[in-house]
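Here's data-v2.cif, which has mmCIF, C-alpha atoms and all ligand atoms:
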```cif
data_data
#
loop_
_atom_site.label_atom_id
_atom_site.label_comp_id
_atom_site.auth_asym_id
_atom_site.auth_seq_id
_atom_site.Cartn_x
_atom_site.Cartn_y
_atom_site.Cartn_z
CA MET Y 206 -41.40 60.72 65.42
CA ARG Y 207 -44.81 59.49 64.43
CA ASP Y 208 -47.17 56.58 64.60
CA PHE Y 209 -48.67 55.48 61.31
CA LEU Y 210 -52.22 54.33 61.79
CA LEU Y 211 -54.33 52.13 59.55
CA GLU Y 212 -54.75 54.03 56.27
CA GLU Y 213 -51.37 55.74 56.47
CA ALA Y 214 -49.55 52.55 57.38
CA LYS Y 215 -51.26 50.88 54.44
CA MET Y 216 -50.24 53.69 52.10
CA MET Y 217 -46.61 53.58 53.27
CA LYS Y 218 -46.55 49.82 52.63
CA TYR Y 219 -48.16 50.38 49.24
CA ILE Y 220 -45.39 52.80 48.22
CA GLU Y 221 -42.79 50.38 49.56
CA SER Y 222 -44.31 47.65 47.41
CA LYS Y 223 -44.02 49.93 44.37
CA ALA Y 224 -40.35 50.56 45.22
CA ARG Y 225 -39.76 46.81 45.56
CA SER Y 226 -41.34 46.20 42.21
CA VAL Y 227 -39.11 48.87 40.59
CA ALA Y 228 -36.11 47.17 42.25
CA GLU Y 229 -37.19 43.85 40.83
CA PHE Y 230 -37.77 45.08 37.28
CA TYR Y 231 -34.47 46.99 37.15
CA GLY Y 232 -32.52 44.11 38.74
CA TYR Y 233 -31.64 45.75 42.10
CA LYS Y 234 -31.02 43.29 44.93
CA GLU Y 235 -32.06 44.19 48.44
CA ILE Y 236 -29.50 44.41 51.23
CA MET Y 237 -30.20 45.24 54.88
CA THR Y 238 -27.78 47.39 56.85
CA PRO Y 239 -27.86 48.32 60.55
CA VAL Y 240 -29.75 51.31 61.92
CA VAL Y 241 -26.77 52.17 64.16
CA GLU Y 242 -23.46 52.84 62.42
CA SER Y 243 -20.11 54.32 63.35
CA TYR Y 244 -20.43 58.10 63.64
CA ASP Y 245 -17.31 58.67 61.55
CA LEU Y 246 -18.61 56.54 58.70
CA LEU Y 247 -21.84 58.52 58.56
CA ALA Y 248 -20.28 61.92 59.16
CA THR Y 249 -17.30 61.79 56.80
CA LYS Y 250 -18.98 63.16 53.69
CA ALA Y 251 -22.46 63.90 54.97
CA GLY Y 252 -22.12 67.66 54.76
CA GLU Y 253 -22.81 70.14 57.53
CA GLU Y 254 -26.62 69.97 57.23
CA VAL Y 255 -26.89 66.25 57.87
CA ARG Y 256 -23.86 66.00 60.18
CA LEU Y 257 -25.30 68.47 62.70
CA ARG Y 258 -28.65 66.70 62.70
CA MET Y 259 -27.53 63.18 63.47
CA PHE Y 260 -28.78 61.34 66.53
CA ALA Y 261 -25.24 60.66 67.76
CA PHE Y 262 -24.23 59.10 71.07
CA LYS Y 263 -21.61 57.02 72.83
CA ASP Y 264 -22.61 53.39 73.16
CA LEU Y 265 -21.86 51.38 76.31
CA GLY Y 266 -18.54 50.33 74.80
CA GLY Y 267 -17.51 53.98 74.56
CA ARG Y 268 -17.77 54.09 70.74
CA MET Y 269 -19.23 57.14 69.02
CA VAL Y 270 -22.17 55.89 66.96
CA ALA Y 271 -25.26 57.40 65.33
CA LEU Y 272 -28.64 56.42 63.94
CA ARG Y 273 -28.28 56.32 60.16
CA PRO Y 274 -29.44 59.56 58.48
CA GLU Y 275 -29.18 57.91 55.03
CA PHE Y 276 -28.23 54.59 53.42
CA THR Y 277 -25.46 55.63 51.03
CA PRO Y 278 -22.48 55.49 53.47
CA SER Y 279 -23.55 52.04 54.73
CA ILE Y 280 -23.84 50.76 51.17
CA ALA Y 281 -20.44 52.25 50.27
CA ARG Y 282 -19.01 50.50 53.36
CA VAL Y 283 -20.47 47.15 52.24
CA VAL Y 284 -19.10 47.68 48.72
CA ALA Y 285 -15.66 48.59 50.09
CA THR Y 286 -15.53 45.51 52.33
CA THR Y 287 -17.78 42.46 51.96
CA LEU Y 288 -18.58 42.90 48.27
CA ARG Y 289 -15.15 44.11 47.19
CA ASN Y 290 -14.32 41.04 45.12
CA GLU Y 291 -17.71 40.54 43.49
CA PRO Y 292 -18.02 41.28 39.77
CA LYS Y 293 -19.42 44.72 39.01
CA PRO Y 294 -21.81 46.40 38.51
CA TYR Y 295 -23.79 45.95 41.69
CA ARG Y 296 -27.36 47.05 41.71
CA LEU Y 297 -28.28 47.43 45.38
CA PHE Y 298 -31.53 48.40 47.02
CA CYS Y 299 -32.32 49.33 50.65
CA LEU Y 300 -35.59 50.15 52.33
CA GLY Y 301 -36.05 51.32 55.89
CA SER Y 302 -36.18 54.11 58.44
CA LEU Y 303 -33.67 56.93 58.76
CA TYR Y 304 -33.16 59.53 61.48
CA ARG Y 305 -32.35 63.23 61.31
CA TYR Y 306 -32.94 65.82 64.02
CA ASP Y 307 -34.78 68.11 61.57
CA GLU Y 308 -37.30 70.72 62.73
CA PRO Y 309 -40.54 68.75 62.40
CA GLN Y 310 -42.88 70.27 59.82
CA ARG Y 311 -44.93 69.08 56.89
CA GLY Y 312 -42.75 66.64 54.98
CA ARG Y 313 -39.83 66.95 57.37
CA TYR Y 314 -39.67 64.39 60.14
CA ARG Y 315 -37.13 63.05 62.61
CA GLU Y 316 -37.89 59.50 61.56
CA PHE Y 317 -38.63 58.94 57.90
CA TRP Y 318 -38.42 56.17 55.30
CA GLN Y 319 -36.48 55.87 52.08
CA SER Y 320 -36.21 53.41 49.24
CA ASP Y 321 -32.62 53.70 48.11
CA PHE Y 322 -31.16 52.47 44.82
CA GLU Y 323 -27.40 52.41 44.18
CA LEU Y 324 -25.75 51.44 40.90
CA VAL Y 325 -22.12 50.75 41.73
CA GLY Y 326 -19.16 50.18 39.43
CA SER Y 327 -19.98 52.19 36.32
CA ASP Y 328 -18.90 55.72 35.45
CA LYS Y 329 -20.88 55.69 32.21
CA PRO Y 330 -23.70 58.15 31.47
CA GLU Y 331 -26.08 55.21 30.90
CA ALA Y 332 -25.76 54.41 34.63
CA ASP Y 333 -26.84 57.96 35.55
CA ALA Y 334 -29.64 57.70 32.98
CA GLU Y 335 -30.82 54.44 34.55
CA ILE Y 336 -31.08 56.08 37.99
CA LEU Y 337 -33.14 58.95 36.56
CA MET Y 338 -35.36 56.52 34.69
CA LEU Y 339 -36.00 54.20 37.61
CA THR Y 340 -36.88 57.19 39.79
CA ASN Y 341 -39.37 58.20 37.14
CA SER Y 342 -40.76 54.64 37.10
CA LEU Y 343 -41.33 54.84 40.85
CA MET Y 344 -43.13 58.20 40.58
CA ASN Y 345 -45.32 56.81 37.80
CA GLY Y 346 -45.90 53.60 39.76
CA ALA Y 347 -47.09 55.66 42.73
CA GLY Y 348 -49.50 57.42 40.35
CA LEU Y 349 -47.94 60.87 40.78
CA LYS Y 350 -48.45 63.52 38.15
CA LYS Y 351 -46.50 66.64 37.17
CA CYS Y 352 -43.17 65.49 38.62
CA LEU Y 353 -40.31 67.82 37.86
CA PHE Y 354 -36.71 66.62 37.92
CA LYS Y 355 -34.37 69.41 38.96
CA VAL Y 356 -30.98 68.42 37.54
CA GLY Y 357 -27.49 69.83 37.91
CA HIS Y 358 -23.87 68.70 37.88
CA VAL Y 359 -21.51 69.19 40.81
CA GLY Y 360 -18.60 68.77 38.40
CA VAL Y 361 -19.42 72.10 36.76
CA LEU Y 362 -19.14 74.09 39.99
CA ARG Y 363 -16.26 72.05 41.41
CA GLY Y 364 -14.53 72.18 38.02
CA VAL Y 365 -14.50 75.97 38.12
CA LEU Y 366 -13.49 76.13 41.79
CA SER Y 367 -10.72 73.53 41.56
CA GLU Y 368 -9.12 75.22 38.56
CA GLU Y 369 -9.06 78.36 40.74
CA ARG Y 370 -7.13 76.22 43.25
CA LEU Y 371 -9.73 76.32 46.01
CA ASP Y 372 -9.15 73.30 48.22
CA ASP Y 373 -11.73 70.59 48.66
CA LYS Y 374 -12.96 71.82 52.05
CA VAL Y 375 -13.56 75.36 50.80
CA GLN Y 376 -15.30 73.99 47.70
CA SER Y 377 -17.63 71.96 49.93
CA ALA Y 378 -18.36 75.02 52.09
CA VAL Y 379 -19.18 77.05 48.95
CA LEU Y 380 -21.49 74.33 47.67
CA GLN Y 381 -23.23 74.06 51.05
CA LEU Y 382 -23.96 77.79 50.96
CA MET Y 383 -25.18 77.55 47.37
CA ASP Y 384 -27.41 74.63 48.37
CA LYS Y 385 -29.03 76.93 50.93
CA LYS Y 386 -29.26 79.63 48.25
CA GLN Y 387 -26.95 81.89 50.29
CA TYR Y 388 -25.23 82.99 47.11
CA GLU Y 389 -23.66 86.22 48.36
CA ASP Y 390 -22.01 84.36 51.26
CA ALA Y 391 -20.85 81.69 48.84
CA PHE Y 392 -19.35 84.24 46.44
CA GLY Y 393 -17.78 86.10 49.38
CA LEU Y 394 -16.03 82.92 50.45
CA VAL Y 395 -14.83 82.29 46.88
CA LYS Y 396 -13.46 85.82 46.70
CA ASP Y 397 -11.73 85.58 50.08
CA SER Y 398 -10.11 82.35 48.96
CA GLY Y 399 -8.28 84.23 46.23
CA ALA Y 400 -10.34 83.29 43.18
CA SER Y 401 -10.24 85.49 40.07
CA GLU Y 402 -12.84 88.09 39.05
CA ARG Y 403 -13.65 85.89 36.03
CA CYS Y 404 -14.44 83.01 38.39
CA LEU Y 405 -16.89 85.17 40.36
CA ALA Y 406 -18.54 86.39 37.18
CA VAL Y 407 -18.85 82.79 35.92
CA LEU Y 408 -20.42 81.62 39.20
CA ARG Y 409 -22.89 84.51 39.13
CA SER Y 410 -23.91 83.64 35.57
CA LEU Y 411 -24.21 79.92 36.39
CA VAL Y 412 -26.71 80.66 39.14
CA GLU Y 413 -28.87 82.42 36.55
CA LEU Y 414 -28.65 79.57 34.03
CA LYS Y 415 -31.71 77.42 34.52
CA GLY Y 416 -34.77 76.27 32.65
CA CYS Y 417 -36.82 73.47 31.22
CA ASN Y 418 -35.19 73.56 27.80
CA ALA Y 419 -32.47 71.25 29.09
CA PHE Y 420 -30.18 71.15 26.06
CA GLU Y 421 -30.27 74.91 25.55
CA VAL Y 422 -29.34 75.47 29.22
CA VAL Y 423 -26.54 72.91 29.10
CA GLY Y 424 -25.26 74.53 25.88
CA ASN Y 425 -25.17 77.91 27.62
CA VAL Y 426 -23.41 76.38 30.63
CA LYS Y 427 -20.70 75.04 28.32
CA LYS Y 428 -20.20 78.47 26.80
CA CYS Y 429 -20.22 80.13 30.22
CA VAL Y 430 -17.44 77.93 31.66
CA GLU Y 431 -15.21 78.05 28.56
CA GLY Y 432 -11.58 77.78 29.63
CA TYR Y 433 -12.39 75.79 32.78
CA GLU Y 434 -11.67 72.42 31.19
CA LYS Y 435 -13.08 70.17 33.94
CA ALA Y 436 -16.29 72.18 34.05
CA VAL Y 437 -16.69 71.88 30.27
CA VAL Y 438 -16.24 68.09 30.51
CA ALA Y 439 -18.85 67.99 33.29
CA ALA Y 440 -21.37 69.96 31.21
CA GLU Y 441 -20.76 67.60 28.29
CA ASN Y 442 -21.34 64.63 30.63
CA LEU Y 443 -24.68 66.10 31.75
CA ASN Y 444 -25.61 66.62 28.12
CA ARG Y 445 -24.94 62.96 27.30
CA ILE Y 446 -26.94 61.71 30.30
CA LEU Y 447 -29.97 63.82 29.42
CA LYS Y 448 -29.70 62.89 25.75
CA LEU Y 449 -29.79 59.19 26.62
CA VAL Y 450 -32.89 59.68 28.75
CA VAL Y 451 -34.71 61.69 26.09
CA GLU Y 452 -33.69 59.46 23.18
CA SER Y 453 -34.80 56.35 25.08
CA GLY Y 454 -38.30 57.81 24.92
CA CYS Y 455 -38.53 58.26 28.68
CA GLU Y 456 -40.68 61.29 29.31
CA ILE Y 457 -39.19 63.15 32.25
CA ASP Y 458 -39.85 66.85 32.80
CA THR Y 459 -36.49 68.32 33.67
CA SER Y 460 -35.31 71.70 34.76
CA VAL Y 461 -31.55 72.06 34.45
CA GLU Y 462 -30.10 74.40 37.06
CA ALA Y 463 -26.40 75.13 36.72
CA GLY Y 464 -26.12 76.65 40.21
CA PHE Y 465 -27.87 73.70 41.88
CA ALA Y 466 -25.85 72.03 44.66
CA ARG Y 467 -26.94 69.37 47.14
CA GLY Y 468 -26.14 69.35 50.85
CA LEU Y 469 -24.32 66.00 50.86
CA GLU Y 470 -20.60 66.36 50.23
CA TYR Y 471 -19.84 63.12 48.44
CA TYR Y 472 -21.31 64.06 45.07
CA THR Y 473 -18.92 64.31 42.14
CA GLY Y 474 -21.19 64.38 39.09
CA MET Y 475 -24.82 64.67 38.01
CA ILE Y 476 -27.21 65.50 40.87
CA PHE Y 477 -30.99 65.72 40.92
CA GLU Y 478 -34.11 66.14 43.02
CA VAL Y 479 -37.74 65.42 42.21
CA TYR Y 480 -40.59 67.81 43.01
CA VAL Y 481 -44.35 68.00 42.57
CA PRO Y 482 -46.13 71.38 42.45
CA GLU Y 483 -48.11 70.65 45.63
CA LEU Y 484 -45.04 70.37 47.92
CA ASP Y 485 -42.03 72.60 48.41
CA VAL Y 486 -39.79 69.75 49.58
CA ALA Y 487 -38.12 67.17 47.33
CA LEU Y 488 -39.60 63.69 47.03
CA SER Y 489 -36.28 62.16 45.94
CA GLY Y 490 -32.66 63.15 45.76
CA GLY Y 491 -29.61 61.54 44.28
CA GLY Y 492 -26.55 61.77 42.15
CA ARG Y 493 -23.13 60.43 41.28
CA TYR Y 494 -20.45 59.88 43.92
CA ASP Y 495 -17.25 58.40 42.48
CA LYS Y 496 -14.93 58.77 45.48
CA LEU Y 497 -16.86 57.47 48.51
CA VAL Y 498 -16.06 53.75 48.24
CA GLU Y 499 -12.38 54.57 47.91
CA LEU Y 500 -12.59 56.82 50.94
CA PHE Y 501 -13.88 53.84 52.94
CA GLY Y 502 -10.88 51.75 51.95
CA GLY Y 503 -12.23 50.12 48.79
CA GLU Y 504 -10.92 50.13 45.22
CA PRO Y 505 -11.68 53.31 43.27
CA THR Y 506 -15.33 52.61 42.43
CA PRO Y 507 -17.66 54.97 40.60
CA ALA Y 508 -21.30 54.94 41.73
CA VAL Y 509 -24.59 56.71 41.25
CA GLY Y 510 -27.82 56.43 43.22
CA VAL Y 511 -31.04 57.89 44.50
CA ALA Y 512 -33.09 57.85 47.67
CA ASN Y 513 -36.84 58.33 47.53
CA GLY Y 514 -38.68 59.67 50.55
CA ILE Y 515 -41.59 57.30 51.17
CA ASP Y 516 -43.25 59.74 53.62
CA ARG Y 517 -43.09 62.57 51.11
CA ILE Y 518 -44.35 60.41 48.25
CA MET Y 519 -47.31 59.60 50.49
CA LEU Y 520 -47.90 63.31 51.16
CA ALA Y 521 -47.77 64.02 47.44
CA MET Y 522 -50.23 61.20 46.74
CA GLN Y 523 -52.59 62.59 49.36
CA GLU Y 524 -52.28 66.10 47.87
CA GLN Y 525 -52.92 64.78 44.36
CA LYS Y 526 -55.72 62.55 45.63
CA VAL Y 527 -54.12 59.43 44.19
CA ILE Y 528 -56.01 56.34 45.27
CA PRO Y 529 -53.67 53.34 45.54
CA LYS Y 530 -54.53 50.88 42.80
CA GLU Y 531 -54.69 47.69 44.78
CA ALA Y 532 -55.35 44.27 43.49
CA GLU Y 533 -59.12 44.13 44.09
CA GLU Y 534 -59.07 42.59 47.51
CA LYS Y 535 -62.05 40.43 48.43
CA ARG Y 536 -62.79 41.07 52.09
CA VAL Y 537 -65.42 39.22 53.99
CA VAL Y 538 -66.87 39.29 57.50
CA ILE Y 539 -68.29 36.11 58.92
CA ILE Y 540 -71.14 36.56 61.35
CA PRO Y 541 -72.31 33.50 63.29
CA ILE Y 542 -75.86 33.72 64.57
CA GLY Y 543 -76.09 32.16 68.02
CA ASP Y 544 -73.58 30.03 69.94
CA GLY Y 545 -74.27 26.76 68.16
CA THR Y 546 -72.96 28.00 64.79
CA LYS Y 547 -69.57 29.38 65.88
CA ALA Y 548 -67.43 26.31 65.28
CA GLU Y 549 -68.93 25.80 61.83
CA ALA Y 550 -68.50 29.52 61.05
CA LEU Y 551 -64.81 29.26 62.04
CA ARG Y 552 -64.44 26.23 59.77
CA ILE Y 553 -65.96 28.19 56.86
CA SER Y 554 -63.61 31.12 57.58
CA ARG Y 555 -60.62 28.72 57.34
CA GLU Y 556 -61.87 27.46 54.00
CA LEU Y 557 -62.21 30.98 52.63
CA LYS Y 558 -58.73 31.96 53.82
CA ASN Y 559 -57.36 28.87 52.12
CA ALA Y 560 -58.99 30.18 48.96
CA SER Y 561 -57.01 33.48 49.42
CA ILE Y 562 -59.97 35.51 50.62
CA VAL Y 563 -59.40 37.98 53.46
CA VAL Y 564 -61.74 37.01 56.29
CA GLU Y 565 -62.58 38.80 59.50
CA PHE Y 566 -64.49 36.76 62.05
CA GLU Y 567 -67.07 38.58 64.19
CA VAL Y 568 -65.43 38.23 67.61
CA MET Y 569 -67.41 40.90 69.46
CA GLY Y 570 -70.59 38.85 69.79
CA ARG Y 571 -72.61 41.67 68.21
CA LYS Y 572 -76.07 41.26 66.81
CA MET Y 573 -76.20 40.88 63.02
CA ALA Y 574 -77.40 44.45 62.32
CA LYS Y 575 -74.59 45.99 64.38
CA ALA Y 576 -71.95 43.72 62.82
CA LEU Y 577 -73.17 44.60 59.31
CA GLU Y 578 -73.17 48.30 60.12
CA ASP Y 579 -69.54 47.98 61.24
CA ALA Y 580 -68.55 46.05 58.10
CA ASP Y 581 -70.16 48.73 55.97
CA ARG Y 582 -68.34 51.49 57.80
CA ARG Y 583 -65.03 49.71 57.17
CA ASN Y 584 -65.78 49.27 53.50
CA ILE Y 585 -65.84 45.49 53.57
CA GLY Y 586 -67.36 43.95 50.46
CA TYR Y 587 -69.19 40.86 51.70
CA ALA Y 588 -70.77 39.35 54.78
CA VAL Y 589 -71.36 35.65 55.29
CA ILE Y 590 -74.14 34.98 57.75
CA VAL Y 591 -74.02 31.58 59.36
CA GLY Y 592 -77.45 30.72 60.80
CA LYS Y 593 -78.75 27.45 62.21
CA LYS Y 594 -81.56 27.06 59.68
CA GLU Y 595 -79.32 27.42 56.59
CA LEU Y 596 -76.54 25.34 58.13
CA ASP Y 597 -78.89 22.42 58.48
CA GLU Y 598 -79.15 22.43 54.68
CA GLY Y 599 -75.35 22.88 54.23
CA LYS Y 600 -75.92 26.53 53.22
CA VAL Y 601 -75.11 30.10 54.36
CA VAL Y 602 -76.33 33.58 53.42
CA LEU Y 603 -73.91 35.70 51.33
CA LYS Y 604 -74.58 39.43 51.39
CA ASP Y 605 -72.96 41.72 48.80
CA LEU Y 606 -72.66 44.85 50.94
CA LYS Y 607 -71.97 47.15 47.98
CA LYS Y 608 -74.85 46.01 45.79
CA ARG Y 609 -77.08 45.39 48.83
CA GLU Y 610 -78.08 41.97 47.47
CA GLN Y 611 -78.15 38.62 49.20
CA THR Y 612 -78.30 34.98 48.19
CA THR Y 613 -78.48 31.69 50.07
CA LEU Y 614 -76.00 29.19 48.68
CA LYS Y 615 -74.20 25.94 49.38
CA ILE Y 616 -71.06 26.32 51.54
CA ALA Y 617 -69.09 24.43 48.91
CA LYS Y 618 -69.92 27.15 46.35
CA LEU Y 619 -69.19 30.10 48.68
CA ALA Y 620 -65.52 30.83 47.85
CA GLN Y 621 -66.20 30.65 44.12
CA ALA Y 622 -69.19 32.97 44.43
CA ILE Y 623 -67.17 35.58 46.35
CA LYS Y 624 -64.26 35.39 43.92
CA SER Y 625 -66.36 35.76 40.83
P1 LIG Y 701 -31.38 63.30 50.65
O1 LIG Y 701 -31.72 64.32 49.61
O2 LIG Y 701 -30.78 63.77 51.91
O3 LIG Y 701 -30.42 62.26 49.91
O4 LIG Y 701 -32.69 62.47 50.95
C1 LIG Y 701 -33.42 61.82 49.96
C2 LIG Y 701 -34.90 61.96 50.23
O5 LIG Y 701 -35.19 61.49 51.55
C3 LIG Y 701 -35.42 63.37 50.21
O6 LIG Y 701 -35.66 63.81 48.89
C4 LIG Y 701 -36.68 63.23 51.02
O7 LIG Y 701 -37.72 62.70 50.23
C5 LIG Y 701 -36.30 62.20 52.05
N1 LIG Y 701 -35.95 62.91 53.31
C6 LIG Y 701 -34.78 63.42 53.69
N2 LIG Y 701 -34.86 63.99 54.92
C7 LIG Y 701 -36.15 63.84 55.31
C8 LIG Y 701 -36.90 64.21 56.48
N3 LIG Y 701 -36.32 64.84 57.52
N4 LIG Y 701 -38.21 63.90 56.52
C9 LIG Y 701 -38.81 63.25 55.49
N5 LIG Y 701 -38.17 62.87 54.38
C10 LIG Y 701 -36.85 63.15 54.27
C11 LIG Y 701 -29.93 61.13 50.51
O8 LIG Y 701 -30.33 60.66 51.53
C12 LIG Y 701 -28.87 60.44 49.67
N6 LIG Y 701 -28.40 59.28 50.39
C13 LIG Y 701 -29.45 60.09 48.31
C14 LIG Y 701 -28.49 59.33 47.45
C15 LIG Y 701 -28.46 57.99 47.26
N7 LIG Y 701 -27.51 59.85 46.73
C16 LIG Y 701 -26.85 58.88 46.10
N8 LIG Y 701 -27.42 57.75 46.43
#
```
Translate the structure of the given file into structure tokens.
Ligand code: HAM
Amino acid sequence: MRDFLLEEAKMMKYIESKARSVAEFYGYKEIMTPVVESYDLLATKAGEEVRLRMFAFKDLGGRMVALRPEFTPSIARVVATTLRNEPKPYRLFCLGSLYRYDEPQRGRYREFWQSDFELVGSDKPEADAEILMLTNSLMNGAGLKKCLFKVGHVGVLRGVLSEERLDDKVQSAVLQLMDKKQYEDAFGLVKDSGASERCLAVLRSLVELKGCNAFEVVGNVKKCVEGYEKAVVAAENLNRILKLVVESGCEIDTSVEAGFARGLEYYTGMIFEVYVPELDVALSGGGRYDKLVELFGGEPTPAVGVANGIDRIMLAMQEQKVIPKEAEEKRVVIIPIGDGTKAEALRISRELKNASIVVEFEVMGRKMAKALEDADRRNIGYAVIVGKKELDEGKVVLKDLKKREQTTLKIAKLAQAIKS
């Protein structure tokens, strides 16, 4: 687990602010859930990958609990309990730290942050389209370029497997193996479970069906799974989702991959991940999960969502040299010259703060040259020098540290001068 110092902490907060603004514009309301949850709740449909990597322990009351590895089960719990009687849809948003005992490496940490969006209560393709579109809005908001959405549909693979009468557990095991690209093991398991030769041939072809011409790939998937009714319906569903996105004018680069599976077991429909060329790990991942709320004791409630990795978005921004576009922040240092000017300098700093200017007071007692050098190094825009001589005339010296200019002006005009 890491410390985030100055610039990185600022960048993380910047991305969080972008996520909050997406939440606001799409109408997602923030909820806060606990970091520690019941182990069973988190483990039920997490899939082997996440389940084995949870920080799990017995609490002092003897209950098996774990640090949350994701938000989705907690949100499904809230939907199944506290929110159960509220009118749907719910648009829910969570932001915070998650924990997985992953092997630490670039982009893979044991503590990481997500912004999570869940659209609960609709099984319509426009809900899936909204999740894709808001993810794209976040990537654009963060200033990222060349994002590729890898899209698939769990219903295609599960549709084929369930019509071959493979039970749910075996299906999940097959999908886990496919997620790790261990195709031969996956096909071996399918074969050992008594599936037909046709099924194996179909799965092999599906793995090959991928590409950026989304509608052509989906068309080929439909042909490939002919006869497996549920899989055909799933392919048609994916087609409708992508059509809505494209026809809305939203420009998302997609690569449809029919053999794509995600590690989490709760998915039932469209799934996706977002990549940039500079990183080999996904920035975001999500999809449709129509059975989870029910599993937690709620009404049957369809849902679709996405989680965006804040840490990985930051890495991608660093790789792509994206400079956060901040509201031009006016930052000022105030340097009193000599003891007699300190109280007045503090009063001026209060006035500037009241005028929404960020002010740092020189508290180290450094000489002016040293204090200016430090302000320069930290990229501060202005210095206000409070000297006895100017104070006697109700004035101070304002230095523009970028333009290397200075003026002496009335204290009453100072805030206005800095702002303009
Ligand atoms: P996930 O794919 O496990 O999905 O994680 C989503 C994102 O969290 C990843 O794409 C990545 O950016 C970030 N992430 C995951 N693990 C790590 C790690 N060890 N270090 C850094 N970043 C990481 C979920 O969590 C689902 N709950 C997404 C979802 C929401 N599906 C439906 N609704």
Close residues to ligand LIG 701 (chain Y) using only C-alpha atoms and all ligand atoms, limit 8 Å, as a ChimeraX atom specification:
/Y:255,274-278,304-309,312-319,321-323,467-469,472,478-479,486-494,509-518
I'd like the contact shell of Y:Ile553 - 8 Å cut-off, only C-alpha atoms, skipping same-chain residues fewer than 4 positions apart - returned as a PyMOL selection string.
chain Y and resi 549+557+616
The residues within 12 Å of (-14.8, 47.2, 42.7), using only C-alpha atoms and the coordinates of the file, should be reported as number ranges by chain; which are they?
Y: 281-295, 324-328, 495-499, 502-508
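Each of Y:Lys547, Y:Lys351, Y:Arg409, Y:Arg256 was compared to Y:Pro482 using all atoms listed in the file, and Y:Lys351 turns out to be the nearest.
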Closest-contact table, stretch 458-509 of chain Y side, partner stretch 519-543 of chain Y, 9 Å, counting only C-alpha atoms, as CSV:
```
residue,atom,partner,partner_atom,distance
Y:Val481,CA,Y:Ala521,CA,7.2
Y:Glu483,CA,Y:Glu524,CA,6.6
Y:Leu484,CA,Y:Ala521,CA,6.9
Y:Leu488,CA,Y:Ala521,CA,8.2
```
Got a sec: who's within 10 Å of stretch 582-593 of chain Y, counting only C-alpha atoms, leaving out chain neighbours fewer than 4 positions off, as a VMD selection string?
chain Y and resid 534 to 547 549 to 551 553 to 554 563 to 566 573 576 to 578 597 to 613 616 619 623
Tell me which protein, DNA and RNA residues are within 8 Å of stretch 410-416 of chain Y, counting all atoms listed in the file, leaving out same-chain ones fewer than 4 positions away, and put them as a list in words.
Ala406, Val422, Asn425, Val426, Cys429, Ser460, Val461, Glu462, Ala463, Gly464 and Phe465 of chain Y
Interatomic distance, atom CA of Y:Arg258 to atom CA of Y:Pro239 (Å, one decimal)
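Here the two named atoms are 18.5 Å from each other.
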If we count all atoms listed in the file, what is near Y:Gln387 at a cut-off of 12 Å, once residues fewer than 6 positions away on the same chain are taken out, given as a PyMOL selection string?
chain Y and resi 378-381+393-394+412+464-466
Which is closer to Y:Arg445 than all the others in Y:Val407, Y:Met344, Y:Val423, Y:Leu211, using all atoms listed in the file?
Y:Val423
Using all atoms of stretch 605-622 of chain Y listed in the file and a margin of 4 Å per side, can you give the axis-aligned box centre and edge lengths in Å to one decimal, as JSON?
```
{"center_x": -72.0, "center_y": 35.8, "center_z": 47.8, "size_x": 21.0, "size_y": 30.7, "size_z": 15.4}
```
How many Å lie between atom CA of Y:Asn345 and atom CA of Y:Ser453, rounded to one decimal?
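Separation of atom CA of Y:Asn345 and atom CA of Y:Ser453: 16.5 Å.
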Measuring atom to atom with all atoms listed in the file, identify which of Y:Leu246, Y:Leu408, Y:Val438, Y:Met338 is nearest to Y:Phe230.
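Once distances to Y:Phe230 are computed over all atoms listed in the file, the minimum belongs to Y:Met338.
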Expressed in Å, the length from atom CA of Y:Tyr471 to atom CA of Y:Ser226 is 28.1 Å
Between Y:Leu443, Y:Ile476, Y:Ile457, Y:Ala214, which is the closest to Y:Glu331 once you count only C-alpha atoms?
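Selected residue with least distance to Y:Glu331: Y:Leu443.
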Surrounding residues of Y:Cys455 excluding itself and chain neighbours under 5 positions, 12 Å, only C-alpha atoms, as a ChimeraX atom specification
/Y:334-335,337-342,345,447-450
Could you save the residues just selected, with C-alpha atoms, as a short mmCIF file (atom, residue, chain, number, x, y, z; two decimals), keeping the file's coordinate frame?
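Written file, selection-v5.cif:
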```
data_model
loop_
_atom_site.label_atom_id
_atom_site.label_comp_id
_atom_site.auth_asym_id
_atom_site.auth_seq_id
_atom_site.Cartn_x
_atom_site.Cartn_y
_atom_site.Cartn_z
CA ALA Y 334 -29.64 57.70 32.98
CA GLU Y 335 -30.82 54.44 34.55
CA LEU Y 337 -33.14 58.95 36.56
CA MET Y 338 -35.36 56.52 34.69
CA LEU Y 339 -36.00 54.20 37.61
CA THR Y 340 -36.88 57.19 39.79
CA ASN Y 341 -39.37 58.20 37.14
CA SER Y 342 -40.76 54.64 37.10
CA ASN Y 345 -45.32 56.81 37.80
CA LEU Y 447 -29.97 63.82 29.42
CA LYS Y 448 -29.70 62.89 25.75
CA LEU Y 449 -29.79 59.19 26.62
CA VAL Y 450 -32.89 59.68 28.75
#
```
